[in-house]
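Q: Okay, handing you the structure first.
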Amino acid sequence: MHSVGVLALDGVVPFELGIPGRIFGVARGPAGERLYSVATCSLDGRPVRAEADYDLAVRHDASLLAEVDTVVVPPSHALGRIREEGRLPDALRDALAAVRPGTRMVAICSGSYVLAAAGLLDRRRATTHWQDAERMQRLFTSVRIDPNVLFVDDGDVLTSAGVAAGVDLCLHIVRRDHGSEVANDVARACVVPPWRDGGQAQYIPRPVPAPTTPGGGTAATRAWALERLDEPVTLAELAAHAQVSVRTFTRRFREETGTSPGRWLLRQRVDRARQLLESTDWPVDLVAHRAGFGTGTSLRQHLHAAIGVSPQAYRRTFRPTARGGERA
């Protein structure tokens, strides 16, 4: 059983504190066995002040962190010097220094500040809540902050955006550890989607000009394009569907989505390919055709550019029935 230790700091946000216990606690193996044990600690084993109007009692002190396989740091609204100066209090620094080498480190939302101040994110890609991304980047210049994604998996160190993105990250960890079938069962039990499309960019407020003609937005055209991902949809066809010029469509599309039509289509095709690789035994060439890449070679190039693995490697990781090799 994989052991998870959750560190509750003063000012901890209760919702995010409860995510690891809920997601990992639901995960079950083929015989119904628990796949994770989850325990919560504070630095000294005493109750911690929550961000809400109550205190939280815990059963362990920070010595727990030296015994577990995964450490999770939820966000706190009382990070003080960590958030302002990038320095850890002595007790927190000592607790993290005692973590065994090879332990998987996970941060939810502003918990990323803690890992960054401990030097665990140096020269790594990471994320945090989009409202904090610019401040964190200024404070920790060696960290490569990506404010647009819901979470970042950098191997043994993983970080997520704010609030519900912690659910996305923990589900991703279950999926990485045990495959899509287990992760999907956890998602169903928790009544949450097993995978959310897009990233934080869709939640960042953007000034969108009022359309000059009825139905002048691009949402309907995006929905139309999603039904035709296996077809060679062109920019001219998208603009024609929206009944505007290519120039106007491109401008409106970027204002509404934060990206270009071409990049958006590519992301949707990659996501469709990933879904097909997880849910079907289709040959790679057929997956490529259904996702709009045309050939397996094209799919391999784009999937590797997007997530750093081949279709076969992705399927072996996320589709348990393919662990021993692809079915014919």
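Chain lettering (A, B, ...) mirrors the order of the structure tokens, residue numbering begins at 1 for each chain separately, and ligand numbering begins at 1 in order of display.
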Pick out the residues sitting within 6 Å of range 57-69 of chain A, and hand them over as a list in words; count only C-alpha atoms, and ignore anything fewer than 4 positions along from it in its own chain.
A: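 In the requested form, the answer reads Ser3, Val4, Gly5, Cys41, Ser42, Leu43, Asp44, Gly45, Pro47, Ala95, Ala98, Val99, Arg100 and Thr103 of chain A.
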Q: Just to be explicit: take each residue in the selection above, keep N, CA and C atoms, and write the result as a PDB file, in the first residue's frame.
A:
ATOM      1  N   SER A   3       1.858   4.878   0.857  1.00  0.00           N
ATOM      2  CA  SER A   3       1.517   5.771   1.972  1.00  0.00           C
ATOM      3  C   SER A   3       1.654   7.234   1.564  1.00  0.00           C
ATOM      4  N   VAL A   4       0.669   8.037   1.964  1.00  0.00           N
ATOM      5  CA  VAL A   4       0.614   9.466   1.645  1.00  0.00           C
ATOM      6  C   VAL A   4       0.544  10.253   2.944  1.00  0.00           C
ATOM      7  N   GLY A   5       1.416  11.241   3.080  1.00  0.00           N
ATOM      8  CA  GLY A   5       1.388  12.130   4.231  1.00  0.00           C
ATOM      9  C   GLY A   5       0.993  13.525   3.804  1.00  0.00           C
ATOM     10  N   CYS A  41      -0.682  15.398   9.130  1.00  0.00           N
ATOM     11  CA  CYS A  41       0.157  15.848  10.239  1.00  0.00           C
ATOM     12  C   CYS A  41       0.239  17.364  10.265  1.00  0.00           C
ATOM     13  N   SER A  42       0.640  17.892  11.396  1.00  0.00           N
ATOM     14  CA  SER A  42       1.062  19.285  11.513  1.00  0.00           C
ATOM     15  C   SER A  42       2.539  19.267  11.896  1.00  0.00           C
ATOM     16  N   LEU A  43       3.166  20.426  11.969  1.00  0.00           N
ATOM     17  CA  LEU A  43       4.592  20.446  12.279  1.00  0.00           C
ATOM     18  C   LEU A  43       4.884  19.869  13.661  1.00  0.00           C
ATOM     19  N   ASP A  44       4.015  20.183  14.632  1.00  0.00           N
ATOM     20  CA  ASP A  44       4.270  19.723  16.002  1.00  0.00           C
ATOM     21  C   ASP A  44       3.231  18.739  16.527  1.00  0.00           C
ATOM     22  N   GLY A  45       2.317  18.313  15.681  1.00  0.00           N
ATOM     23  CA  GLY A  45       1.295  17.364  16.108  1.00  0.00           C
ATOM     24  C   GLY A  45       0.111  17.999  16.806  1.00  0.00           C
ATOM     25  N   PRO A  47      -3.178  20.890  17.052  1.00  0.00           N
ATOM     26  CA  PRO A  47      -4.170  21.411  16.108  1.00  0.00           C
ATOM     27  C   PRO A  47      -3.640  22.617  15.356  1.00  0.00           C
ATOM     28  N   ALA A  95      11.568  19.878   8.750  1.00  0.00           N
ATOM     29  CA  ALA A  95      10.634  18.784   8.454  1.00  0.00           C
ATOM     30  C   ALA A  95      10.798  18.318   7.013  1.00  0.00           C
ATOM     31  N   ALA A  98      13.966  16.288   6.276  1.00  0.00           N
ATOM     32  CA  ALA A  98      13.963  14.917   6.771  1.00  0.00           C
ATOM     33  C   ALA A  98      13.247  13.949   5.833  1.00  0.00           C
ATOM     34  N   VAL A  99      12.602  14.477   4.791  1.00  0.00           N
ATOM     35  CA  VAL A  99      11.910  13.614   3.843  1.00  0.00           C
ATOM     36  C   VAL A  99      12.921  12.737   3.113  1.00  0.00           C
ATOM     37  N   ARG A 100      12.619  11.471   2.960  1.00  0.00           N
ATOM     38  CA  ARG A 100      13.553  10.540   2.335  1.00  0.00           C
ATOM     39  C   ARG A 100      13.769  10.862   0.860  1.00  0.00           C
ATOM     40  N   THR A 103      11.142  10.358  -2.343  1.00  0.00           N
ATOM     41  CA  THR A 103       9.737  10.561  -1.973  1.00  0.00           C
ATOM     42  C   THR A 103       9.077  11.486  -2.987  1.00  0.00           C
TER      43      THR A 103
END
Q: Based on DSSP run over this structure's backbone, return all residues of range 51-250 of chain A in alpha helix (DSSP H), as a ChimeraX atom specification.
A: /A:81-85,90-97,111-117,130-139,165-178,180-190,219-226,235-242,246-250
Q: Of the candidates A:Val244, A:Leu17, A:Leu120, A:Ala273, which shows the shortest atom-to-atom distance to Val167 in chain A, using only C-alpha atoms?
A: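 Of the candidates, the smallest distance to Val167 in chain A is held by A:Leu17.
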Q: Please determine, counting only C-alpha atoms, which residue among A:Ala239, A:Ser310, A:Arg247, A:Phe253 has the shortest atom-to-atom distance to Val270 in chain A.
A: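 Checking each candidate against Val270 in chain A, we get A:Ser310 as the closest.
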Q: Between A:Ala161, A:Leu9, A:Glu231, A:Asp177, which has the minimum distance to Gly294 in chain A (counting only C-alpha atoms)?
A: A:Glu231
Q: Report as a list in words all protein, DNA and RNA residues lying within 10 Å of Ile307 in chain A, evaluated on only C-alpha atoms, omitting residues in the same chain fewer than 4 positions from it.
A: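 Result of the neighbour search: Asp153, Val270, His302, Leu303 and Tyr314 of chain A.
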Q: When you count only C-alpha atoms, which of these residues is closest to Pro147 in chain A: A:Ser260, A:Ser180, A:Cys109, A:Leu229?
A: A:Cys109
